[in-house]
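Engineer: See query.txt below, with compact mmCIF, C-alpha atoms and all ligand atoms.
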# COMPACT_ATOMS: atom_id res chain seq x y z
CA MET A 4 71.09 76.97 110.19
CA ILE A 5 70.18 78.36 106.80
CA GLN A 6 70.78 81.85 108.22
CA ILE A 7 74.55 81.18 108.56
CA ASN A 8 75.18 81.07 104.82
CA LYS A 9 72.81 83.85 103.95
CA ILE A 10 74.43 86.66 101.97
CA ASN A 11 73.91 90.08 103.49
CA PHE A 12 75.11 93.50 102.56
CA ALA A 13 76.28 96.59 104.41
CA ASN A 14 76.96 100.08 103.05
CA PHE A 15 80.40 101.65 103.22
CA ARG A 16 81.75 105.11 102.70
CA PHE A 17 85.48 105.82 103.14
CA TYR A 18 86.65 109.38 103.62
CA ALA A 19 89.64 111.48 102.48
CA SER A 20 93.02 109.68 102.26
CA LEU A 21 91.48 106.22 102.86
CA ASN A 22 90.26 106.38 99.27
CA ASP A 23 93.91 105.89 98.21
CA PHE A 24 93.48 102.18 99.00
CA LEU A 25 90.22 101.60 97.11
CA PRO A 26 89.63 100.71 93.47
CA LYS A 27 88.50 103.75 91.44
CA LYS A 28 84.80 102.84 91.31
CA ARG A 29 84.57 102.77 95.12
CA ARG A 30 86.34 106.06 95.80
CA GLN A 31 84.36 108.95 97.29
CA GLU A 32 81.17 106.88 96.92
CA THR A 33 78.85 104.89 99.15
CA PHE A 34 78.91 101.27 98.01
CA ALA A 35 77.34 97.99 99.09
CA TYR A 36 79.58 95.21 100.39
CA PHE A 37 78.24 91.66 100.43
CA PHE A 38 79.26 89.29 103.23
CA LYS A 39 78.43 85.96 104.92
CA GLY A 40 78.31 85.25 108.66
CA ASN A 41 79.32 88.03 111.03
CA PRO A 42 82.85 89.24 110.23
CA SER A 43 84.59 91.85 112.41
CA ILE A 44 84.72 95.36 111.02
CA LYS A 45 88.54 95.21 111.22
CA ASP A 46 88.74 92.19 108.89
CA THR A 47 86.09 93.66 106.61
CA ILE A 48 87.92 96.99 106.24
CA GLU A 49 91.15 95.16 105.45
CA SER A 50 89.48 92.86 102.92
CA LEU A 51 88.30 96.04 101.19
CA GLY A 52 91.97 97.02 100.90
CA VAL A 53 92.45 99.53 103.72
CA PRO A 54 95.10 98.68 106.36
CA HIS A 55 93.70 99.15 109.88
CA PRO A 56 96.42 101.53 111.20
CA GLU A 57 95.24 104.14 108.68
CA VAL A 58 91.72 104.16 110.19
CA GLU A 59 91.10 106.49 113.10
CA LEU A 60 87.33 106.55 113.48
CA ILE A 61 84.51 104.15 112.54
CA LEU A 62 80.87 105.20 112.67
CA VAL A 63 78.14 102.63 112.20
CA ASN A 64 74.71 104.14 111.69
CA GLY A 65 76.11 107.31 113.25
CA GLU A 66 77.60 105.68 116.39
CA SER A 67 81.32 105.13 116.92
CA VAL A 68 82.52 101.54 117.34
CA ASP A 69 85.90 99.81 117.72
CA PHE A 70 87.58 97.19 115.51
CA SER A 71 85.86 94.27 117.27
CA TYR A 72 82.39 95.34 116.09
CA ARG A 73 80.61 92.61 114.08
CA VAL A 74 79.14 93.70 110.77
CA LYS A 75 75.37 93.30 110.53
CA ALA A 76 72.99 93.36 107.57
CA LYS A 77 72.19 96.86 106.28
CA ASP A 78 74.68 98.61 108.57
CA TYR A 79 75.91 101.95 107.24
CA PHE A 80 79.62 102.54 107.86
CA SER A 81 81.49 105.84 107.64
CA ILE A 82 85.23 105.24 107.94
CA TYR A 83 87.63 108.12 108.63
CA PRO A 84 91.41 108.50 108.53
CA HIS A 85 93.45 110.82 110.76
CA PHE A 86 92.30 114.44 110.63
CA SER A 87 94.45 116.95 112.48
CA SER A 88 91.33 119.02 113.14
CA LEU A 89 89.18 116.13 114.37
CA GLU A 90 87.87 117.12 117.79
CA ILE A 91 85.95 114.02 118.78
CA SER A 92 89.01 112.43 120.33
CA ASN A 93 86.98 110.31 122.79
CA ASN A 94 85.80 108.13 119.95
CA LEU A 95 89.11 107.56 118.20
CA LEU A 96 90.29 103.97 117.81
CA ARG A 97 93.63 104.55 119.53
CA ASP A 98 95.31 107.22 121.58
CA ARG A 99 97.29 109.73 119.61
CA ILE A 100 101.02 109.72 120.28
CA LEU A 101 102.08 113.22 121.31
CA TYR A 102 105.80 112.75 120.74
CA PRO A 103 105.95 110.26 117.90
CA HIS A 104 108.90 108.01 117.31
CA PHE A 105 109.26 105.82 114.28
CA VAL A 106 110.50 102.57 112.79
CA LEU A 107 110.98 102.50 109.03
CA ASP A 108 110.87 99.56 106.66
CA VAL A 109 113.98 98.42 104.82
CA HIS A 110 113.21 100.40 101.65
CA LEU A 111 113.12 103.79 103.38
CA GLY A 112 116.78 104.27 104.29
CA LYS A 113 117.03 107.73 102.73
CA LEU A 114 113.91 108.91 104.52
CA ALA A 115 115.32 107.54 107.81
CA THR A 116 118.48 109.65 107.40
CA GLN A 117 116.45 112.78 106.65
CA MET A 118 114.20 112.22 109.66
CA ARG A 119 117.22 111.82 111.95
CA LEU A 120 118.65 114.98 110.45
CA LEU A 121 115.52 116.79 111.64
CA GLY A 122 115.92 115.26 115.10
CA PHE A 123 113.21 112.57 115.07
CA ASN A 124 113.75 109.29 116.88
CA THR A 125 113.88 106.92 113.89
CA LEU A 126 114.86 103.25 114.00
CA TYR A 127 116.09 101.80 110.76
CA LEU A 128 118.15 98.78 109.76
CA ASN A 129 118.35 97.49 106.21
CA ASN A 130 117.84 93.89 107.34
CA TYR A 131 114.72 94.04 109.53
CA SER A 132 112.18 91.36 108.59
CA ASP A 133 108.48 92.30 108.43
CA GLU A 134 107.94 90.27 111.58
CA GLU A 135 110.66 92.18 113.47
CA LEU A 136 109.31 95.53 112.26
CA ALA A 137 105.80 94.67 113.50
CA LYS A 138 107.19 93.47 116.85
CA ILE A 139 109.36 96.56 117.40
CA SER A 140 106.47 98.83 116.50
CA HIS A 141 104.17 97.03 118.92
CA GLN A 142 106.57 96.75 121.87
CA GLN A 143 108.04 100.24 121.63
CA GLN A 144 104.87 102.02 120.45
CA ARG A 145 106.72 103.20 117.37
CA ILE A 146 104.88 104.30 114.27
CA ILE A 147 105.74 102.08 111.30
CA LEU A 148 106.34 103.99 108.11
CA THR A 149 106.25 101.74 105.07
CA ARG A 150 105.40 101.46 101.38
CA ASP A 151 104.18 97.88 102.01
CA ILE A 152 100.43 97.74 102.68
CA ALA A 153 100.61 94.07 103.76
CA LEU A 154 103.00 95.00 106.58
CA LEU A 155 100.45 97.48 107.95
CA LYS A 156 97.76 94.79 107.91
CA ARG A 157 99.65 92.66 110.45
CA SER A 158 97.61 92.40 113.62
CA LEU A 159 100.51 93.42 115.91
CA VAL A 160 100.74 96.82 114.23
CA ILE A 161 98.79 99.53 116.03
CA HIS A 162 100.42 102.75 114.83
CA GLY A 163 101.37 102.91 111.18
CA TYR A 164 101.23 104.95 108.03
CA TRP A 165 101.53 104.06 104.36
CA ILE A 166 104.00 106.36 102.59
CA ARG A 167 102.42 107.64 99.36
CA GLY A 168 105.31 109.65 97.88
CA LYS A 169 108.07 108.07 95.80
CA ASP A 170 110.93 110.54 96.29
CA THR A 171 112.53 111.26 99.65
CA GLU A 172 111.64 114.95 99.84
CA SER A 173 107.93 114.46 99.19
CA GLN A 174 107.93 111.51 101.63
CA LEU A 175 109.48 113.69 104.32
CA ILE A 176 106.96 116.48 103.81
CA GLU A 177 104.13 113.94 103.86
CA VAL A 178 105.30 112.53 107.23
CA LEU A 179 105.73 115.99 108.77
CA ARG A 180 102.19 116.87 107.71
CA ARG A 181 100.55 113.62 108.77
CA PHE A 182 102.07 113.67 112.27
CA ASN A 183 102.08 117.46 112.75
CA LEU A 184 105.82 117.54 113.19
CA SER A 185 106.87 120.86 111.69
CA SER A 186 106.97 122.56 115.11
CA LYS A 187 109.00 119.67 116.57
CA ILE A 188 111.93 119.85 114.14
CA SER A 189 115.18 119.88 116.11
CA PRO A 190 118.14 119.55 113.75
CA PHE A 191 121.53 118.11 114.73
CA LYS A 192 120.23 116.21 117.70
CA ARG A 193 120.36 112.63 116.33
CA CYS A 194 123.19 110.63 114.83
CA LEU A 195 122.48 110.04 111.12
CA ARG A 196 124.26 106.70 111.33
CA CYS A 197 122.68 105.06 114.39
CA ASN A 198 119.86 107.33 115.71
CA GLY A 199 121.78 107.92 118.98
CA LEU A 200 121.70 111.34 120.61
CA ILE A 201 124.58 113.68 119.77
CA ILE A 202 126.07 116.09 122.28
CA SER A 203 128.67 118.81 121.94
CA VAL A 204 132.20 117.69 122.72
CA LYS A 205 135.40 119.65 123.40
CA LYS A 206 137.87 119.70 120.52
CA GLU A 207 140.77 118.55 122.70
CA VAL A 208 138.91 115.35 123.66
CA ILE A 209 138.58 114.12 120.08
CA ILE A 210 141.48 115.95 118.40
CA ASP A 211 143.35 112.70 117.67
CA LYS A 212 140.44 111.45 115.57
CA LEU A 213 140.27 114.49 113.25
CA GLU A 214 141.70 114.83 109.76
CA PRO A 215 144.36 117.59 109.48
CA LEU A 216 142.12 120.06 107.59
CA THR A 217 139.16 119.54 109.92
CA LYS A 218 141.50 120.11 112.85
CA GLN A 219 142.69 123.34 111.28
CA TYR A 220 139.37 124.90 110.25
CA TYR A 221 136.75 123.83 112.83
CA ASN A 222 136.41 124.32 116.55
CA GLU A 223 132.85 123.25 117.33
CA PHE A 224 132.23 119.50 117.48
CA TYR A 225 129.48 117.04 118.36
CA GLN A 226 129.70 113.35 119.12
CA CYS A 227 127.19 110.51 119.09
CA THR A 228 126.67 109.09 122.58
CA GLU A 229 126.10 105.61 121.10
CA CYS A 230 128.53 105.05 118.25
CA SER A 231 131.02 107.92 118.88
CA GLN A 232 130.65 109.31 115.34
CA ILE A 233 131.95 112.90 115.27
CA TYR A 234 130.02 115.74 113.61
CA TRP A 235 130.92 119.34 112.81
CA LYS A 236 129.24 122.08 110.86
CA GLY A 237 131.37 121.58 107.77
CA SER A 238 130.91 122.64 104.18
CA HIS A 239 127.72 120.55 103.98
CA TYR A 240 126.09 122.59 106.76
CA PRO A 241 124.57 125.43 104.62
CA LYS A 242 123.12 122.77 102.27
CA LEU A 243 121.51 120.93 105.19
CA LYS A 244 120.09 124.17 106.55
CA LYS A 245 118.54 124.87 103.16
CA ILE A 246 116.84 121.44 103.09
CA ILE A 247 115.44 122.02 106.58
CA GLU A 248 114.10 125.47 105.68
CA LYS A 249 112.52 124.14 102.50
CA VAL A 250 110.81 121.26 104.32
CA ARG A 251 109.64 123.52 107.15
CA ASP A 252 108.27 126.00 104.68
CA SER A 253 106.39 123.54 102.47
CA SER A 254 104.97 121.49 105.35
CA PHE A 255 103.73 124.68 106.99
CA ARG A 256 102.13 125.88 103.76
CA ASN A 257 100.48 122.50 103.26
CA SER A 258 99.12 122.43 106.79
CA LEU A 259 97.52 125.82 106.19
CA LEU A 260 95.87 124.52 103.04
CA ASN A 261 94.51 121.48 104.85
CA ASN A 262 93.06 123.15 107.92
ZN ZN Q 301 125.73 107.14 116.28
How would this structure read if it were set down as structure tokens?
Ligand SMILES: [Zn+2]

Structural biologist:
Amino acid sequence: MIQINKINFANFRFYASLNDFLPKKRRQETFAYFFKGNPSIKDTIESLGVPHPEVELILVNGESVDFSYRVKAKDYFSIYPHFSSLEISNNLLRDRILYPHFVLDVHLGKLATQMRLLGFNTLYLNNYSDEELAKISHQQQRIILTRDIALLKRSLVIHGYWIRGKDTESQLIEVLRRFNLSSKISPFKRCLRCNGLIISVKKEVIIDKLEPLTKQYYNEFYQCTECSQIYWKGSHYPKLKKIIEKVRDSSFRNSLLNN
């Protein structure tokens, strides 16, 4: 019985971007963690500050284990985040999603619009509760993007990522890099308002809904299949193209630097 309350320790080393969640003195270092009983590695990692969706591989004494592993005295843990070049995919904690789709928390409205602009399936409403976000992510296998670490720690969440950047452009580049999306950009495919798919539509079908000047100067139109919003390549089009080129360019450059 005395054994139950005995204090043990295990050694931990977190790699690469997982260090973002640790206090300074524990970053890029092996450190001892003291514990009682036999906690799961999932709970232990989260009590150290790292949300479980950010972890992609756990090695204990050189062997890979899943989140249910119980921490034992003197274990040595190496904890890894996502690496695009990681080739030991058999040991990863969850399957990678080849065609990612997303759900964004209520503070990321601008990022949601930009992601739809690039053609990514992105759910966003400014009144989702944390509980709803976790549920949607779980049921629809959507990756939660959030600036709220506590949301990622919810047990329902399997696929998630903590957004580091503060401004929309750096957030967008970060997401494209993390999920290898630069080759999947497909602009003008999603409605910026509702995430529905947009398709080209004949001018005569929607002509009654156009403002006089739009009617006069444009002939090519698109319409959302969900909310009927009409789009055309208006004066904002060159500006949008520039944003897309810039994002494509910088995410490509960054992926070269990282690989
Ligand atoms: Zn729409």

Engineer: Check which residues fall inside 6 Å of ligand ZN 301 (chain Q) when counting only C-alpha atoms and all ligand atoms, and print them as a ChimeraX atom specification.

Structural biologist: /A:194,196-199,227,229-232

Engineer: Looking at only C-alpha atoms, which of A:Glu223, A:Asp78, A:Glu57, A:Glu49 is the one that sits closest to Arg97 of chain A?

Structural biologist: A:Glu57

Engineer: Applying 12 Å and all atoms listed in the file, which residues near Leu114 of chain A remain after dropping the ones on its own chain fewer than 5 positions away? List them as a list in words.

Structural biologist: Phe105, Val106, Leu107, Asp108, Val109, Arg119, Leu120, Leu121, Phe123, Thr125, Leu126, Tyr127, Leu148, Thr149, Arg150, Ile166, Gly168, Lys169, Asp170, Thr171, Glu172, Ser173, Gln174, Leu175, Ile176, Glu177, Val178, Leu179 and Leu195 of chain A

Engineer: Mind pulling up the distance from atom CA of Val63 of chain A to atom CA of Asp98 of chain A?

Structural biologist: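 Here the two named atoms are 20.1 Å from each other.
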
Engineer: Find the residues with any atom within 10 Å of (92.0, 98.3, 103.7); use only C-alpha atoms and the coordinates as given in the file, and write the answer as a list in words.

Structural biologist: Phe17, Leu21, Asn22, Asp23, Phe24, Leu25, Lys45, Asp46, Thr47, Ile48, Glu49, Ser50, Leu51, Gly52, Val53, Pro54, His55, Pro56, Glu57, Val58, Ile152, Ala153, Leu155 and Lys156 of chain A

Engineer: May I have the residues within 8 Å of segment 236-245 of chain A as a PyMOL selection string, using all atoms listed in the file and disregarding those fewer than 3 positions away in the same chain?

Structural biologist: chain A and resi 221+223-224+248-249

Engineer: Only C-alpha atoms, please: the residues just picked out, written as a CSV table (one decimal), keeping the file's coordinate frame.

Structural biologist:
chain,number,residue,atom,x,y,z
A,221,TYR,CA,136.8,123.8,112.8
A,223,GLU,CA,132.8,123.2,117.3
A,224,PHE,CA,132.2,119.5,117.5
A,248,GLU,CA,114.1,125.5,105.7
A,249,LYS,CA,112.5,124.1,102.5

Engineer: Can you work out which one of A:Arg29, A:Thr228, A:Val250, A:Ile233 has the shortest atom-to-atom distance to Glu214 of chain A, counting all atoms listed in the file?

Structural biologist: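 With all atoms listed in the file as the atom set, the closest residue is A:Ile233.
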
Engineer: Mind giving me the straight-line distance from atom CA of Glu207 of chain A to atom CA of Gln219 of chain A in Å, one decimal?

Structural biologist: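 Computed distance, atom CA of Glu207 of chain A to atom CA of Gln219 of chain A, equals 12.5 Å.
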
Engineer: So that I can see what lies close to Ile146 of chain A, please list as a ChimeraX atom specification the residues with an atom at most 9 Å from it, counting only C-alpha atoms and leaving out residues fewer than 6 positions away in the same chain.

Structural biologist: /A:100,103-107,140,160-164

Engineer: Just how far from atom CA of Gly65 of chain A is atom CA of Tyr18 of chain A, in Å to one decimal?

Structural biologist: 14.4 Å

Engineer: Compare A:Ser71, A:Gln31, A:Ser185, A:Asn8 by their minimum atom-to-atom distance to Met118 of chain A, counting only C-alpha atoms, and give me the closest one.

Structural biologist: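 Under the stated criterion, the closest residue is A:Ser185.
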
Engineer: Looking at only C-alpha atoms, which of A:Lys187, A:His110, A:His141, A:Arg167 is the one that sits closest to Gly122 of chain A?

Structural biologist: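 Distance minimum relative to Gly122 of chain A lands on A:Lys187.
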
Engineer: Find, counting all atoms listed in the file, the residue in A:Lys28, A:Arg73, A:Arg16, A:Lys206 that gets nearest to Pro42 of chain A.

Structural biologist: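 When distances to Pro42 of chain A are compared using all atoms listed in the file, the smallest one comes from A:Arg73.
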
Engineer: Which one of A:His85, A:Lys39, A:Lys218, A:Arg157 sits closest to Ile61 of chain A if you count all atoms listed in the file?

Structural biologist: A:His85

Engineer: Find the residues around Asn94 of chain A up to 9 Å (all atoms listed in the file counted), leave out those fewer than 2 positions away in its own chain, and share them as a VMD selection string.

Structural biologist: chain A and resid 59 to 61 67 to 69 91 to 92 96 to 97

Engineer: For the selection you just gave me, I'd like the residues written to a file as a PDB file, keeping the file's coordinate frame, keeping C-alpha atoms.

Structural biologist:
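Generated output (out_2.pdb):
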ATOM      1  CA  GLU A  59      91.100 106.490 113.100  1.00  0.00           C
ATOM      2  CA  LEU A  60      87.330 106.550 113.480  1.00  0.00           C
ATOM      3  CA  ILE A  61      84.510 104.150 112.540  1.00  0.00           C
ATOM      4  CA  SER A  67      81.320 105.130 116.920  1.00  0.00           C
ATOM      5  CA  VAL A  68      82.520 101.540 117.340  1.00  0.00           C
ATOM      6  CA  ASP A  69      85.900  99.810 117.720  1.00  0.00           C
ATOM      7  CA  ILE A  91      85.950 114.020 118.780  1.00  0.00           C
ATOM      8  CA  SER A  92      89.010 112.430 120.330  1.00  0.00           C
ATOM      9  CA  LEU A  96      90.290 103.970 117.810  1.00  0.00           C
ATOM     10  CA  ARG A  97      93.630 104.550 119.530  1.00  0.00           C
TER      11      ARG A  97
END

Engineer: Using 4 Å of padding on each side, determine the axis-aligned box around all atoms of segment 25-44 of chain A present in the file and give its centre and edge lengths in Å to one decimal, as JSON.

Structural biologist:
{"center_x": 83.8, "center_y": 97.1, "center_z": 101.9, "size_x": 20.9, "size_y": 31.7, "size_z": 29.1}

Engineer: Considering only C-alpha atoms, return as a list in words whatever protein or nucleic-acid residues lie within 9 Å of Ala35 of chain A, sequence-local ones (same chain, fewer than 6 positions apart) excluded.

Structural biologist: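 The residues satisfying every condition are Phe12, Ala13, Asn14, Phe15 and Lys77 of chain A.
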